[in-house]
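Notes follow the structure.
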Amino acid sequence: MDMSLPYTPSRVGSKIDPLRIAVFISGGGSGLSALLKFQTKIPRSHQTVLVISEDPNAGGQIYCEQNDVTFVGIRLPNIPDKSLRRLTHEEKIEVKLAEFNVELIVLSGYMRILSPSFVKKWKGRLVNIHPSLLPEYPGAHAHRDALADSATVSGCTVHLVDEGVDEGLILASEAVEVLPNDTISDLQNRIKIIEHKLYPQIIDDLCSGKIQL
Ligand code: GRF
């Protein structure tokens, strides 16, 4: 694994030639919905051309139907060896990304860890949002971990994806107060409100060249 590889950014998009985005989701897709709203409000330098999920029944596909965006569910292949299963799954994903000429991948509630080879190929063109102030509380249970830690502040972080879990160059973050009697879902819902504004804006800044890598 070559950790010293620099990020290779996408080209700068424009309203007449928007950057072609694929969004990866696993579930409800509220973040996808926020991005699609942002992109349809006024012409942007980016456009979602494809949504991919490992779950063909992912709830978020409703937003694809509503916005005339292609949704593709790619199930994990039935291969016992975990690493071969991941690589074979990602090969199928790559075929779709090539078919749709995707230039930037936006992870939005995608619950799978991507292999180092996939990340390496897309480094600089692969962004994620994580529901904590990284490097605090990485992993799949950020809200649970923040509450267990009696944190008084959490938030969300937009970052480029590296080979590590929830690691990579931080592009933006925003704090959210943790209230005394917060449940996991209280905190999650309040952080999502912030995520839905921050993520589309940072994607916009990245695609329009305002953020330079
Ligand atoms: C968001 O909180 C995001 O930070 C995390 O997963 C959640 C996705 O929610 N990675 P949704 O599927 O977009 O509603």
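Just so we're on the same page: first chain in the structure tokens is A, next is B, and so on; residues restart at 1 for each chain, and ligands are numbered from 1 in the order they show up.
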
Practice item. Do a neighbour search on segment 188-202 of chain A at 10 Å with only C-alpha atoms, toss out local chain neighbours closer than 6 positions, and write the hits as a PyMOL selection string. Key: chain A and resi 30-39+106+108+127-132+142-144+154-159+171-178+182+208+210-211

**Study point:** Contacts of segment 115-124 of chain A within 6 Å, only C-alpha atoms, excl. fewer than 3 positions in-chain, as a VMD selection string
**Key:** chain A and resid 7 to 9 163

I need the helix (DSSP H, G or I) residues of segment 10-156 of chain A per DSSP on the backbone, written as a PDB file with N, CA and C atoms, in the first residue's frame.
ATOM      1  N   SER A  30     -31.180   9.911   3.133  1.00  0.00           N
ATOM      2  CA  SER A  30     -31.581  11.313   3.352  1.00  0.00           C
ATOM      3  C   SER A  30     -30.496  12.272   2.851  1.00  0.00           C
ATOM      4  N   GLY A  31     -29.245  11.856   2.935  1.00  0.00           N
ATOM      5  CA  GLY A  31     -28.150  12.687   2.427  1.00  0.00           C
ATOM      6  C   GLY A  31     -28.197  12.786   0.905  1.00  0.00           C
ATOM      7  N   LEU A  32     -28.526  11.677   0.261  1.00  0.00           N
ATOM      8  CA  LEU A  32     -28.700  11.671  -1.195  1.00  0.00           C
ATOM      9  C   LEU A  32     -29.804  12.648  -1.587  1.00  0.00           C
ATOM     10  N   SER A  33     -30.903  12.577  -0.851  1.00  0.00           N
ATOM     11  CA  SER A  33     -32.032  13.464  -1.145  1.00  0.00           C
ATOM     12  C   SER A  33     -31.608  14.931  -1.051  1.00  0.00           C
ATOM     13  N   ALA A  34     -30.832  15.247  -0.014  1.00  0.00           N
ATOM     14  CA  ALA A  34     -30.377  16.640   0.160  1.00  0.00           C
ATOM     15  C   ALA A  34     -29.487  17.065  -1.010  1.00  0.00           C
ATOM     16  N   LEU A  35     -28.623  16.167  -1.464  1.00  0.00           N
ATOM     17  CA  LEU A  35     -27.729  16.510  -2.581  1.00  0.00           C
ATOM     18  C   LEU A  35     -28.538  16.708  -3.865  1.00  0.00           C
ATOM     19  N   LEU A  36     -29.496  15.824  -4.098  1.00  0.00           N
ATOM     20  CA  LEU A  36     -30.294  15.945  -5.325  1.00  0.00           C
ATOM     21  C   LEU A  36     -31.105  17.249  -5.314  1.00  0.00           C
ATOM     22  N   LYS A  37     -31.615  17.622  -4.150  1.00  0.00           N
ATOM     23  CA  LYS A  37     -32.345  18.901  -4.057  1.00  0.00           C
ATOM     24  C   LYS A  37     -31.417  20.068  -4.374  1.00  0.00           C
ATOM     25  N   PHE A  38     -30.238  20.012  -3.803  1.00  0.00           N
ATOM     26  CA  PHE A  38     -29.234  21.062  -4.020  1.00  0.00           C
ATOM     27  C   PHE A  38     -28.907  21.182  -5.508  1.00  0.00           C
ATOM     28  N   GLN A  39     -28.802  20.024  -6.166  1.00  0.00           N
ATOM     29  CA  GLN A  39     -28.402  20.022  -7.585  1.00  0.00           C
ATOM     30  C   GLN A  39     -29.530  20.434  -8.520  1.00  0.00           C
ATOM     31  N   THR A  40     -30.779  20.299  -8.071  1.00  0.00           N
ATOM     32  CA  THR A  40     -31.875  20.619  -8.986  1.00  0.00           C
ATOM     33  C   THR A  40     -32.402  22.045  -8.790  1.00  0.00           C
ATOM     34  N   LYS A  41     -32.016  22.654  -7.665  1.00  0.00           N
ATOM     35  CA  LYS A  41     -32.504  24.008  -7.358  1.00  0.00           C
ATOM     36  C   LYS A  41     -32.039  25.013  -8.427  1.00  0.00           C
ATOM     37  N   GLN A  61     -33.545   4.617  -2.891  1.00  0.00           N
ATOM     38  CA  GLN A  61     -33.798   4.589  -4.341  1.00  0.00           C
ATOM     39  C   GLN A  61     -35.048   5.377  -4.717  1.00  0.00           C
ATOM     40  N   ILE A  62     -35.916   5.638  -3.754  1.00  0.00           N
ATOM     41  CA  ILE A  62     -37.107   6.462  -4.012  1.00  0.00           C
ATOM     42  C   ILE A  62     -36.703   7.841  -4.552  1.00  0.00           C
ATOM     43  N   TYR A  63     -35.589   8.372  -4.028  1.00  0.00           N
ATOM     44  CA  TYR A  63     -35.140   9.702  -4.477  1.00  0.00           C
ATOM     45  C   TYR A  63     -34.611   9.646  -5.912  1.00  0.00           C
ATOM     46  N   CYS A  64     -34.127   8.477  -6.313  1.00  0.00           N
ATOM     47  CA  CYS A  64     -33.670   8.317  -7.698  1.00  0.00           C
ATOM     48  C   CYS A  64     -34.882   8.335  -8.623  1.00  0.00           C
ATOM     49  N   GLU A  65     -35.921   7.609  -8.225  1.00  0.00           N
ATOM     50  CA  GLU A  65     -37.143   7.598  -9.043  1.00  0.00           C
ATOM     51  C   GLU A  65     -37.683   9.017  -9.179  1.00  0.00           C
ATOM     52  N   GLN A  66     -37.718   9.742  -8.064  1.00  0.00           N
ATOM     53  CA  GLN A  66     -38.283  11.095  -8.079  1.00  0.00           C
ATOM     54  C   GLN A  66     -37.457  12.069  -8.915  1.00  0.00           C
ATOM     55  N   ASN A  67     -36.166  11.792  -9.040  1.00  0.00           N
ATOM     56  CA  ASN A  67     -35.280  12.749  -9.711  1.00  0.00           C
ATOM     57  C   ASN A  67     -34.721  12.225 -11.029  1.00  0.00           C
ATOM     58  N   LYS A  82     -13.799 -13.589   1.962  1.00  0.00           N
ATOM     59  CA  LYS A  82     -14.226 -12.199   2.155  1.00  0.00           C
ATOM     60  C   LYS A  82     -13.532 -11.217   1.221  1.00  0.00           C
ATOM     61  N   SER A  83     -12.218 -11.404   1.101  1.00  0.00           N
ATOM     62  CA  SER A  83     -11.485 -10.427   0.318  1.00  0.00           C
ATOM     63  C   SER A  83     -11.799 -10.571  -1.178  1.00  0.00           C
ATOM     64  N   LEU A  84     -11.964 -11.805  -1.621  1.00  0.00           N
ATOM     65  CA  LEU A  84     -12.348 -12.026  -3.023  1.00  0.00           C
ATOM     66  C   LEU A  84     -13.770 -11.504  -3.271  1.00  0.00           C
ATOM     67  N   ARG A  85     -14.618 -11.675  -2.253  1.00  0.00           N
ATOM     68  CA  ARG A  85     -16.002 -11.184  -2.374  1.00  0.00           C
ATOM     69  C   ARG A  85     -16.005  -9.663  -2.550  1.00  0.00           C
ATOM     70  N   ARG A  86     -15.193  -8.983  -1.732  1.00  0.00           N
ATOM     71  CA  ARG A  86     -15.119  -7.517  -1.813  1.00  0.00           C
ATOM     72  C   ARG A  86     -14.603  -7.070  -3.184  1.00  0.00           C
ATOM     73  N   LEU A  87     -13.513  -7.732  -3.631  1.00  0.00           N
ATOM     74  CA  LEU A  87     -12.906  -7.324  -4.903  1.00  0.00           C
ATOM     75  C   LEU A  87     -13.848  -7.590  -6.080  1.00  0.00           C
ATOM     76  N   THR A  88     -14.536  -8.712  -6.026  1.00  0.00           N
ATOM     77  CA  THR A  88     -15.463  -9.046  -7.121  1.00  0.00           C
ATOM     78  C   THR A  88     -16.629  -8.054  -7.130  1.00  0.00           C
ATOM     79  N   HIS A  89     -17.101  -7.698  -5.947  1.00  0.00           N
ATOM     80  CA  HIS A  89     -18.175  -6.707  -5.837  1.00  0.00           C
ATOM     81  C   HIS A  89     -17.717  -5.374  -6.423  1.00  0.00           C
ATOM     82  N   GLU A  90     -16.513  -4.977  -6.056  1.00  0.00           N
ATOM     83  CA  GLU A  90     -15.997  -3.689  -6.535  1.00  0.00           C
ATOM     84  C   GLU A  90     -15.745  -3.709  -8.041  1.00  0.00           C
ATOM     85  N   GLU A  91     -15.389  -4.873  -8.577  1.00  0.00           N
ATOM     86  CA  GLU A  91     -15.217  -4.958 -10.041  1.00  0.00           C
ATOM     87  C   GLU A  91     -16.543  -4.659 -10.734  1.00  0.00           C
ATOM     88  N   LYS A  92     -17.616  -5.180 -10.161  1.00  0.00           N
ATOM     89  CA  LYS A  92     -18.944  -4.928 -10.752  1.00  0.00           C
ATOM     90  C   LYS A  92     -19.303  -3.452 -10.638  1.00  0.00           C
ATOM     91  N   ILE A  93     -18.924  -2.866  -9.518  1.00  0.00           N
ATOM     92  CA  ILE A  93     -19.179  -1.427  -9.335  1.00  0.00           C
ATOM     93  C   ILE A  93     -18.396  -0.622 -10.381  1.00  0.00           C
ATOM     94  N   GLU A  94     -17.133  -1.007 -10.565  1.00  0.00           N
ATOM     95  CA  GLU A  94     -16.282  -0.291 -11.532  1.00  0.00           C
ATOM     96  C   GLU A  94     -16.871  -0.322 -12.943  1.00  0.00           C
ATOM     97  N   VAL A  95     -17.486  -1.437 -13.291  1.00  0.00           N
ATOM     98  CA  VAL A  95     -18.088  -1.541 -14.629  1.00  0.00           C
ATOM     99  C   VAL A  95     -19.163  -0.462 -14.780  1.00  0.00           C
ATOM    100  N   LYS A  96     -19.981  -0.296 -13.752  1.00  0.00           N
ATOM    101  CA  LYS A  96     -21.055   0.712 -13.802  1.00  0.00           C
ATOM    102  C   LYS A  96     -20.474   2.130 -13.817  1.00  0.00           C
ATOM    103  N   LEU A  97     -19.436   2.343 -13.013  1.00  0.00           N
ATOM    104  CA  LEU A  97     -18.827   3.680 -12.956  1.00  0.00           C
ATOM    105  C   LEU A  97     -18.277   4.065 -14.334  1.00  0.00           C
ATOM    106  N   ALA A  98     -17.689   3.080 -15.007  1.00  0.00           N
ATOM    107  CA  ALA A  98     -17.141   3.351 -16.341  1.00  0.00           C
ATOM    108  C   ALA A  98     -18.280   3.592 -17.337  1.00  0.00           C
ATOM    109  N   GLU A  99     -19.309   2.782 -17.221  1.00  0.00           N
ATOM    110  CA  GLU A  99     -20.453   2.908 -18.141  1.00  0.00           C
ATOM    111  C   GLU A  99     -21.081   4.307 -18.062  1.00  0.00           C
ATOM    112  N   PRO A 116      -8.296  -1.243  -0.395  1.00  0.00           N
ATOM    113  CA  PRO A 116      -7.216  -0.291  -0.675  1.00  0.00           C
ATOM    114  C   PRO A 116      -7.013  -0.061  -2.171  1.00  0.00           C
ATOM    115  N   SER A 117      -7.194  -1.092  -3.000  1.00  0.00           N
ATOM    116  CA  SER A 117      -6.959  -0.893  -4.440  1.00  0.00           C
ATOM    117  C   SER A 117      -8.025   0.027  -5.043  1.00  0.00           C
ATOM    118  N   PHE A 118      -9.261  -0.115  -4.577  1.00  0.00           N
ATOM    119  CA  PHE A 118     -10.329   0.754  -5.079  1.00  0.00           C
ATOM    120  C   PHE A 118     -10.055   2.200  -4.631  1.00  0.00           C
ATOM    121  N   VAL A 119      -9.711   2.348  -3.357  1.00  0.00           N
ATOM    122  CA  VAL A 119      -9.453   3.693  -2.811  1.00  0.00           C
ATOM    123  C   VAL A 119      -8.288   4.350  -3.546  1.00  0.00           C
ATOM    124  N   LYS A 120      -7.253   3.558  -3.781  1.00  0.00           N
ATOM    125  CA  LYS A 120      -6.062   4.101  -4.445  1.00  0.00           C
ATOM    126  C   LYS A 120      -6.423   4.646  -5.824  1.00  0.00           C
ATOM    127  N   LYS A 121      -7.247   3.894  -6.527  1.00  0.00           N
ATOM    128  CA  LYS A 121      -7.636   4.318  -7.880  1.00  0.00           C
ATOM    129  C   LYS A 121      -8.414   5.634  -7.846  1.00  0.00           C
ATOM    130  N   TRP A 122      -9.251   5.818  -6.817  1.00  0.00           N
ATOM    131  CA  TRP A 122     -10.151   6.974  -6.779  1.00  0.00           C
ATOM    132  C   TRP A 122      -9.681   8.083  -5.837  1.00  0.00           C
ATOM    133  N   ALA A 142     -20.704   6.002  15.592  1.00  0.00           N
ATOM    134  CA  ALA A 142     -20.201   7.289  16.069  1.00  0.00           C
ATOM    135  C   ALA A 142     -21.092   7.891  17.164  1.00  0.00           C
ATOM    136  N   HIS A 143     -22.402   7.848  16.968  1.00  0.00           N
ATOM    137  CA  HIS A 143     -23.297   8.488  17.955  1.00  0.00           C
ATOM    138  C   HIS A 143     -23.271   7.720  19.280  1.00  0.00           C
ATOM    139  N   ARG A 144     -23.344   6.406  19.165  1.00  0.00           N
ATOM    140  CA  ARG A 144     -23.291   5.566  20.371  1.00  0.00           C
ATOM    141  C   ARG A 144     -21.993   5.842  21.133  1.00  0.00           C
ATOM    142  N   ASP A 145     -20.891   5.922  20.415  1.00  0.00           N
ATOM    143  CA  ASP A 145     -19.589   6.122  21.049  1.00  0.00           C
ATOM    144  C   ASP A 145     -19.489   7.506  21.676  1.00  0.00           C
ATOM    145  N   ALA A 146     -20.047   8.516  21.007  1.00  0.00           N
ATOM    146  CA  ALA A 146     -20.014   9.883  21.562  1.00  0.00           C
ATOM    147  C   ALA A 146     -20.815   9.932  22.867  1.00  0.00           C
ATOM    148  N   LEU A 147     -21.981   9.298  22.883  1.00  0.00           N
ATOM    149  CA  LEU A 147     -22.816   9.315  24.088  1.00  0.00           C
ATOM    150  C   LEU A 147     -22.156   8.514  25.213  1.00  0.00           C
ATOM    151  N   ALA A 148     -21.572   7.373  24.853  1.00  0.00           N
ATOM    152  CA  ALA A 148     -20.908   6.542  25.873  1.00  0.00           C
ATOM    153  C   ALA A 148     -19.720   7.276  26.493  1.00  0.00           C
TER     154      ALA A 148
END

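Comparing the minimum interatomic distances between Leu50 of chain A and each of A:Leu104, A:Ala140, A:Ile113, A:Leu76, counting only C-alpha atoms, we find that A:Leu104 sits nearest.
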
Exercise for review: From a DSSP calculation on the backbone, collect every residue of segment 28-181 of chain A in strand (DSSP E) and output the set as a PyMOL selection string.
Suggested key: chain A and resi 46-53+70-73+104-107+126-130+153-160+170-177

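You can rank A:Val69, A:Ile74, A:Ile42, A:Leu126 by their closest distance to Cys207 of chain A using only C-alpha atoms, and at the top of that list sits A:Leu126.
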